[in-house]
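Chemist: Sharing upload20.cif (mmCIF, C-alpha atoms) below.
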data_query
loop_
_atom_site.label_atom_id
_atom_site.label_comp_id
_atom_site.auth_asym_id
_atom_site.auth_seq_id
_atom_site.Cartn_x
_atom_site.Cartn_y
_atom_site.Cartn_z
CA MET A 23 95.31 26.94 335.00
CA GLU A 24 94.46 30.31 336.51
CA LYS A 25 94.14 30.63 340.28
CA VAL A 26 92.18 32.72 342.76
CA SER A 27 93.32 32.75 346.37
CA ILE A 28 91.08 33.63 349.29
CA VAL A 29 92.66 34.28 352.68
CA LYS A 30 91.55 35.68 356.02
CA ALA A 31 92.58 39.27 356.58
CA GLU A 32 94.55 39.09 359.81
CA ILE A 33 95.72 41.95 362.04
CA ASN A 34 98.99 42.04 360.10
CA LEU A 35 97.46 43.11 356.79
CA LYS A 36 100.77 43.06 354.92
CA GLU A 37 101.27 39.40 355.82
CA SER A 38 97.73 38.57 354.69
CA ILE A 39 98.28 40.22 351.31
CA LEU A 40 101.64 38.46 350.98
CA GLU A 41 100.00 35.11 351.73
CA ALA A 42 97.20 35.70 349.21
CA VAL A 43 99.68 36.43 346.44
CA LYS A 44 102.01 33.62 347.53
CA LEU A 45 99.20 31.11 347.03
CA ILE A 46 98.94 32.05 343.34
CA GLY A 47 102.68 32.05 342.67
CA GLY A 48 104.11 34.95 344.67
CA PHE A 49 104.92 38.55 343.79
CA GLU A 50 108.07 37.38 342.01
CA ASN A 51 105.82 35.69 339.45
CA PHE A 52 104.14 39.00 338.57
CA ILE A 53 106.82 41.69 338.85
CA LYS A 54 110.54 41.74 338.06
CA ARG A 55 113.40 43.67 339.60
CA GLY A 56 113.80 47.17 338.19
CA GLU A 57 110.26 47.52 336.83
CA VAL A 58 107.91 50.49 337.13
CA VAL A 59 104.61 49.31 338.59
CA LEU A 60 101.28 51.16 338.49
CA LEU A 61 98.82 50.50 341.31
CA LYS A 62 95.22 51.33 340.42
CA PRO A 63 93.11 51.71 343.59
CA ASN A 64 89.49 52.79 344.00
CA LEU A 65 89.54 56.51 344.83
CA ASN A 66 86.25 57.31 343.12
CA THR A 67 84.91 59.22 346.13
CA ALA A 68 85.95 59.95 349.70
CA ASP A 69 83.06 58.02 351.21
CA PRO A 70 83.88 55.56 354.02
CA PHE A 71 85.53 52.20 353.31
CA PRO A 72 84.64 50.00 351.45
CA ALA A 73 83.66 52.82 349.08
CA TYR A 74 87.33 53.77 348.68
CA SER A 75 90.70 52.03 348.92
CA ASP A 76 92.01 52.06 352.47
CA PRO A 77 95.39 53.88 352.65
CA ILE A 78 96.64 51.22 355.09
CA PHE A 79 95.95 48.58 352.45
CA LEU A 80 97.67 50.71 349.79
CA LYS A 81 100.70 51.22 352.04
CA ALA A 82 101.06 47.47 352.55
CA VAL A 83 100.92 46.79 348.80
CA VAL A 84 103.45 49.55 348.07
CA GLU A 85 105.87 48.04 350.60
CA LEU A 86 105.46 44.56 349.15
CA VAL A 87 105.97 45.65 345.55
CA TYR A 88 109.17 47.46 346.56
CA ASP A 89 110.23 44.43 348.64
CA PHE A 90 110.11 42.34 345.47
CA GLY A 91 112.35 44.65 343.51
CA ALA A 92 110.27 47.30 341.77
CA LYS A 93 112.28 50.37 340.79
CA LEU A 94 109.29 52.66 341.16
CA VAL A 95 105.73 52.26 342.42
CA ILE A 96 103.09 54.62 341.05
CA ILE A 97 99.61 55.15 342.48
CA GLY A 98 97.20 56.73 340.03
CA ASP A 99 93.48 57.34 339.68
CA SER A 100 90.73 59.68 338.54
CA SER A 101 87.68 60.18 340.73
CA THR A 102 84.08 60.41 339.59
CA MET A 103 83.57 63.33 337.20
CA SER A 104 81.58 65.40 339.69
CA LEU A 105 84.51 65.49 342.12
CA ASN A 106 88.05 66.84 342.10
CA THR A 107 90.48 63.92 342.29
CA ARG A 108 93.17 65.90 344.09
CA LYS A 109 90.69 66.95 346.79
CA VAL A 110 89.45 63.36 347.14
CA MET A 111 93.03 62.13 347.57
CA GLU A 112 93.74 64.88 350.09
CA GLU A 113 90.63 64.01 352.11
CA LEU A 114 91.63 60.34 352.11
CA LYS A 115 95.22 61.28 353.11
CA ILE A 116 96.63 59.42 350.12
CA PHE A 117 99.49 61.90 349.81
CA GLU A 118 100.66 60.85 353.29
CA LEU A 119 102.06 57.76 351.54
CA GLU A 120 104.73 59.99 350.01
CA LYS A 121 106.29 60.12 353.49
CA MET A 122 107.06 56.38 353.43
CA LYS A 123 110.69 55.26 353.60
CA ASN A 124 110.34 54.05 350.02
CA PRO A 125 107.53 56.29 348.79
CA PRO A 126 105.34 55.81 345.75
CA ARG A 127 104.76 58.56 343.26
CA ILE A 128 101.14 59.63 343.26
CA TYR A 129 99.60 60.87 340.05
CA ILE A 130 96.20 62.32 339.23
CA PHE A 131 95.16 61.14 335.79
CA ASP A 132 93.08 64.29 335.26
CA GLU A 133 96.25 66.41 335.43
CA ALA A 134 98.06 64.43 332.72
CA ARG A 135 97.37 63.55 329.09
CA TRP A 136 94.51 61.46 327.78
CA LEU A 137 95.24 59.29 324.74
CA LYS A 138 92.65 58.26 322.19
CA LYS A 139 92.44 54.50 321.74
CA ILE A 140 90.40 52.49 319.25
CA ILE A 141 88.62 49.37 320.51
CA PRO A 142 88.79 46.93 317.55
CA GLN A 143 86.37 44.48 319.18
CA GLY A 144 84.04 47.19 320.40
CA LYS A 145 80.35 46.58 319.81
CA TYR A 146 79.07 49.18 322.26
CA LEU A 147 82.26 51.22 322.69
CA LYS A 148 84.29 52.07 319.58
CA SER A 149 86.95 54.44 320.93
CA VAL A 150 87.85 56.15 324.19
CA GLN A 151 90.36 58.48 325.75
CA ILE A 152 92.35 56.85 328.55
CA THR A 153 95.23 57.90 330.76
CA GLU A 154 98.72 58.02 329.30
CA PHE A 155 100.07 56.22 332.37
CA LEU A 156 99.02 52.83 331.01
CA ASP A 157 101.69 53.31 328.33
CA ARG A 158 104.34 54.51 330.77
CA VAL A 159 104.69 51.55 333.13
CA ASP A 160 106.00 48.00 332.97
CA LYS A 161 103.35 46.34 335.11
CA LEU A 162 99.81 47.02 336.28
CA ILE A 163 98.28 45.87 339.56
CA LEU A 164 94.56 46.42 340.13
CA LEU A 165 93.37 46.96 343.71
CA PRO A 166 89.57 46.75 343.67
CA ASN A 167 87.25 46.71 346.64
CA LEU A 168 84.32 44.32 346.78
CA LYS A 169 81.01 46.07 346.17
CA THR A 170 77.59 45.97 344.62
CA HIS A 171 76.83 48.85 342.27
CA ALA A 172 73.56 50.70 341.74
CA TYR A 173 74.01 50.84 337.96
CA ALA A 174 76.44 48.02 337.08
CA GLN A 175 75.07 45.57 339.69
CA PHE A 176 78.64 44.66 340.72
CA THR A 177 81.97 46.46 340.80
CA GLY A 178 85.25 44.60 341.11
CA SER A 179 88.35 44.41 338.96
CA LEU A 180 86.60 44.89 335.60
CA LYS A 181 84.65 47.96 336.72
CA LEU A 182 87.78 49.43 338.32
CA GLY A 183 89.04 50.13 334.79
CA VAL A 184 86.57 53.01 334.42
CA GLY A 185 89.03 55.08 336.45
CA PHE A 186 91.40 54.99 333.45
CA LEU A 187 88.77 56.72 331.30
CA LYS A 188 88.53 60.48 330.74
CA PRO A 189 85.79 61.69 333.12
CA LEU A 190 83.54 63.38 330.53
CA GLU A 191 83.37 60.14 328.54
CA ARG A 192 81.95 58.31 331.53
CA VAL A 193 78.60 60.04 331.00
CA GLY A 194 77.96 58.18 327.75
CA LEU A 195 79.39 55.02 329.27
CA HIS A 196 76.63 54.97 331.88
CA LEU A 197 73.70 55.83 329.57
CA LYS A 198 73.22 52.39 328.06
CA ASN A 199 74.88 48.95 328.08
CA LEU A 200 77.17 50.03 330.91
CA GLN A 201 78.30 46.54 331.82
CA GLU A 202 79.14 45.54 328.26
CA LYS A 203 81.05 48.80 327.77
CA VAL A 204 83.04 48.14 330.94
CA ALA A 205 84.16 44.81 329.50
CA GLU A 206 85.09 46.39 326.16
CA LEU A 207 87.09 49.12 327.90
CA ASN A 208 89.11 46.37 329.58
CA THR A 209 90.45 45.18 326.22
CA LEU A 210 92.79 48.22 326.24
CA PHE A 211 94.90 47.04 329.18
CA ASN A 212 96.04 43.79 330.71
CA PRO A 213 96.64 43.75 334.48
CA ASN A 214 99.41 41.51 335.71
CA LEU A 215 97.92 41.03 339.17
CA ILE A 216 94.69 41.80 341.02
CA ILE A 217 94.48 42.06 344.81
CA MET A 218 90.95 42.56 346.11
CA ASP A 219 90.33 44.08 349.53
CA ALA A 220 87.26 42.22 350.77
CA ARG A 221 87.62 42.92 354.47
CA LYS A 222 84.34 44.79 354.09
CA CYS A 223 81.95 44.91 351.14
CA PHE A 224 78.69 46.43 350.02
CA ILE A 225 76.02 43.76 349.70
CA LYS A 226 73.48 46.21 348.26
CA GLY A 227 73.68 49.78 347.06
CA GLY A 228 77.11 51.11 346.11
CA PRO A 229 79.44 52.25 344.82
CA ALA A 230 79.69 55.20 347.25
CA GLU A 231 77.40 53.97 350.03
CA GLY A 232 75.39 50.88 350.76
CA GLU A 233 74.66 48.08 353.20
CA VAL A 234 77.93 46.75 354.56
CA GLY A 235 78.96 43.13 355.02
CA GLN A 236 82.21 42.01 356.62
CA PRO A 237 83.73 38.99 354.85
CA GLY A 238 87.14 39.73 356.39
CA LEU A 239 88.97 38.45 353.31
CA ILE A 240 91.73 39.24 350.83
CA LEU A 241 91.58 37.78 347.31
CA ALA A 242 94.32 37.61 344.69
CA SER A 243 94.46 36.45 341.08
CA GLY A 244 96.00 37.16 337.72
CA ASP A 245 92.57 36.87 336.09
CA ARG A 246 89.93 39.61 336.15
CA ILE A 247 86.98 37.37 335.36
CA ALA A 248 87.86 34.67 337.88
CA ILE A 249 88.37 37.06 340.80
CA ASP A 250 85.19 38.99 340.01
CA VAL A 251 83.13 35.79 339.86
CA GLU A 252 84.49 34.71 343.24
CA GLY A 253 83.81 38.18 344.62
CA ILE A 254 80.19 37.98 343.50
CA LYS A 255 79.86 34.59 345.23
CA ILE A 256 81.11 36.11 348.48
CA ILE A 257 78.51 38.90 348.33
CA GLN A 258 75.80 36.33 347.59
CA LYS A 259 76.48 34.61 350.91
CA PHE A 260 75.05 37.59 352.79
CA GLU A 261 71.33 37.63 353.51
CA GLY A 262 69.50 40.44 351.71
CA ASN A 263 72.18 40.98 349.07
CA SER A 264 71.15 42.53 345.74
CA LEU A 265 72.83 39.80 343.65
CA ALA A 266 70.81 36.92 345.10
CA GLY A 267 69.80 34.28 342.57
CA ILE A 268 72.09 35.62 339.82
CA ASN A 269 74.49 33.26 338.10
CA PRO A 270 77.72 35.32 338.07
CA TRP A 271 78.53 34.06 334.58
CA ASN A 272 75.27 35.59 333.30
CA LEU A 273 76.07 39.07 334.62
CA PRO A 274 76.45 41.21 331.46
CA GLN A 275 79.94 42.48 332.31
CA ILE A 276 81.18 38.94 332.99
CA LYS A 277 79.44 37.50 329.94
CA ARG A 278 80.87 40.16 327.62
CA ALA A 279 84.34 39.80 329.18
CA VAL A 280 84.25 36.08 328.41
CA GLU A 281 83.22 36.81 324.81
CA LEU A 282 86.20 39.17 324.52
CA HIS A 283 88.63 36.54 325.90
CA LEU A 284 89.64 38.74 328.83
CA GLY A 285 90.16 35.74 331.08
CA VAL A 286 88.73 32.38 332.00
CA LYS A 287 85.64 31.10 330.22
CA SER A 288 84.11 28.96 332.98
CA LYS A 289 84.58 27.75 336.53
CA GLU A 290 86.47 24.75 335.16
CA ASP A 291 89.23 27.06 333.89
CA TYR A 292 90.51 28.20 337.29
CA GLN A 293 91.27 26.89 340.74
CA VAL A 294 90.21 28.47 344.01
CA ILE A 295 92.91 28.15 346.65
CA SER A 296 91.67 28.78 350.17
CA GLY A 297 93.96 30.02 352.89
CA ILE A 298 91.11 30.33 355.36
#
Can the structure from this file be put into structure tokens for me?
Modeler:
Amino acid sequence: MEKVSIVKAEINLKESILEAVKLIGGFENFIKRGEVVLLKPNLNTADPFPAYSDPIFLKAVVELVYDFGAKLVIIGDSSTMSLNTRKVMEELKIFELEKMKNPPRIYIFDEARWLKKIIPQGKYLKSVQITEFLDRVDKLILLPNLKTHAYAQFTGSLKLGVGFLKPLERVGLHLKNLQEKVAELNTLFNPNLIIMDARKCFIKGGPAEGEVGQPGLILASGDRIAIDVEGIKIIQKFEGNSLAGINPWNLPQIKRAVELHLGVKSKEDYQVISGI
């Protein structure tokens, strides 16, 4: 049975992340010694957290992945098409992580190759161009923030995959059936682990700015659908949230992801482990 852990984010953030992953089997269950691991954060814009991935959070994850034997940790992303990814990373001081004792390599997807991929199960999205880095690593760890989204209603681990897509193709992605297309895009990769930074979240608006809630939590899972459903439930606990009254399983991106067998099919298929 799949698991989703939910723990309090304490002052020692690294220990909180370690505890969240330990509750679902530990890092050793997701990565092996000598592997190359790609971390996919949310560096869509340089707007204040929780719009982007906090470098302190990224640093803690990098240290942990190295602690559990990774040969190389890669951080990669592509910002929204109207922005320059390198400039966004510079503004967020992401390149400062290269000064770590065991530094990650930081790559900008826009400056590398895009590979055309066919989506056999695609109903709304038949083919796309995605970053070559998905084919160059042993393991993939998604690091979403917890946010509502003005166009997709919610953005978590499934929506994070849009950062793998060539920027120009994101225009068509957003024109119609965005949520279903997001799910179909996710058929092209299979994350080994998801760690969600839910210390703060957007409860309305998003993805770049919105009304902020402070759950003070870290979530971890090996299942994109399960962790996104639990993330939606957390947002729904805040008064005035834009997802009020919505059954998470009826959200188009979740519903299509279930149809595509991207993870659990119902709440009975996974266990929530609370470390709160």
Chemist: Work out how far atom CA of Asn212 of chain A is from atom CA of Gln151 of chain A, in Å to one decimal.
Modeler: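 Computing it gives 16.5 Å between the two atoms.
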Chemist: The PyMOL selection byres ((chain A and resi 96-109) around 6) - which residues does that actually catch in the file I just gave you? List them as a VMD selection string.
Modeler: chain A and resid 60 to 62 65 to 66 95 110 to 112 126 to 131 185 189
Chemist: Just so the selection is clear, what residues does the PyMOL selection byres ((chain A and resi 123) around 12) cover here, as a ChimeraX atom specification?
Modeler: /A:81,84-85,88-89,118-122,124-126
Chemist: Pull out every residue that the PyMOL selection byres ((chain A and resi 176) around 9) matches in the shown coordinates and put them as a PyMOL selection string.
Modeler: chain A and resi 168-175+177-178+181+228-229+250+254+265+273+275
Chemist: Go through segment 70-97 of chain A residue by residue and, counting all atoms listed in the file, keep those with an atom at most 6 Å from segment 37-56 of chain A; for each kept residue give the shortest atom pair and its distance in Å to one decimal, ordered by chain and increasing number, as a Markdown table.
Modeler:
| residue | atom | partner | partner_atom | distance |
| --- | --- | --- | --- | --- |
| A:Gly91 | CA | A:Arg55 | CA | 4.2 |
| A:Ala92 | CA | A:Gly56 | CA | 5.0 |
| A:Lys93 | CA | A:Gly56 | CA | 4.4 |
Chemist: Which distance in Å separates atom CA of Asp245 of chain A and atom CA of Leu190 of chain A, to one decimal?
Modeler: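 Value for the atom CA of Asp245 of chain A-atom CA of Leu190 of chain A distance: 28.6 Å.
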Chemist: Mind running segment 68-150 of chain A against segment 231-237 of chain A at 8 Å and telling me each contacting residue's nearest atom pair with the distance in Å (one decimal), counting all atoms listed in the file, chain and number ascending, as CSV?
Modeler:
residue,atom,partner,partner_atom,distance
A:Asp69,CA,A:Glu231,CA,7.1
A:Pro70,CA,A:Glu231,CA,7.8
A:Ala73,CA,A:Glu231,CA,6.4
Chemist: From (97.9, 54.4, 351.6), in the file's coordinates, out to 9 Å: which residues are reached, counting all atoms listed in the file? Answer as a PyMOL selection string.
Modeler: chain A and resi 75-84+114-120
Chemist: Kindly give the distance, in Å, that separates atom CA of Lys226 of chain A and atom CA of Ile256 of chain A, rounded to a single decimal.
Modeler: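 Atom CA of Ile256 of chain A lies 12.7 Å from atom CA of Lys226 of chain A.
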Chemist: Which one of A:Lys289, A:Lys36, A:Lys203, A:Lys188 sits closest to Gly144 of chain A if you count only C-alpha atoms?
Modeler: A:Lys203
Chemist: I need the residue nearest Leu200 of chain A from this list: A:Arg278, A:Lys30, A:Arg158, A:His283. Use all atoms listed in the file for the distance.
Modeler: A:Arg278
Chemist: Which residue, A:Asn269, A:Thr209, A:Asn214, A:Asn199, has the smallest gap to Leu162 of chain A when you use only C-alpha atoms?
Modeler: A:Asn214
Chemist: Which of these residues is nearest to Gly227 of chain A, using all atoms listed in the file: A:Pro72, A:Gly194, A:Gly267, A:Gly285?
Modeler: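 So, comparing all the options, the nearest one is A:Pro72.
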Chemist: So which one's closest to Ile240 of chain A, A:Glu133, A:Glu290, A:Asp219, A:Glu281? Using all atoms listed in the file, please.
Modeler: A:Asp219
Chemist: Excluding Tyr292 of chain A and residues on its chain fewer than 6 positions from it, collect all residues at most 8 Å away from it, counting all atoms listed in the file, and give them as an mmCIF file with C-alpha atoms, in the frame of the given file.
Modeler:
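What follows is the written file out_21.cif:
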data_model
loop_
_atom_site.group_PDB
_atom_site.id
_atom_site.type_symbol
_atom_site.label_atom_id
_atom_site.label_comp_id
_atom_site.auth_asym_id
_atom_site.auth_seq_id
_atom_site.Cartn_x
_atom_site.Cartn_y
_atom_site.Cartn_z
ATOM 1 C CA MET A 23 95.310 26.940 335.000
ATOM 2 C CA GLU A 24 94.460 30.310 336.510
ATOM 3 C CA LYS A 25 94.140 30.630 340.280
ATOM 4 C CA VAL A 26 92.180 32.720 342.760
ATOM 5 C CA ALA A 248 87.860 34.670 337.880
ATOM 6 C CA VAL A 286 88.730 32.380 332.000
#
Chemist: Centre and edge lengths of an axis-aligned box around all listed atoms of segment 172-185 of chain A, with 6 Å added on each side, are to be given in Å to one decimal, as AutoDock Vina command-line options.
Modeler:
--center_x 81.3 --center_y 49.7 --center_z 338.1 --size_x 27.5 --size_y 22.7 --size_z 19.3
Chemist: Check the smallest atom-to-atom distance from each of A:Leu147, A:Leu156, A:Val29, A:Leu284 to Lys198 of chain A using all atoms listed in the file, then report the winner.
Modeler: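 Closest to Lys198 of chain A, using all atoms listed in the file: A:Leu147.
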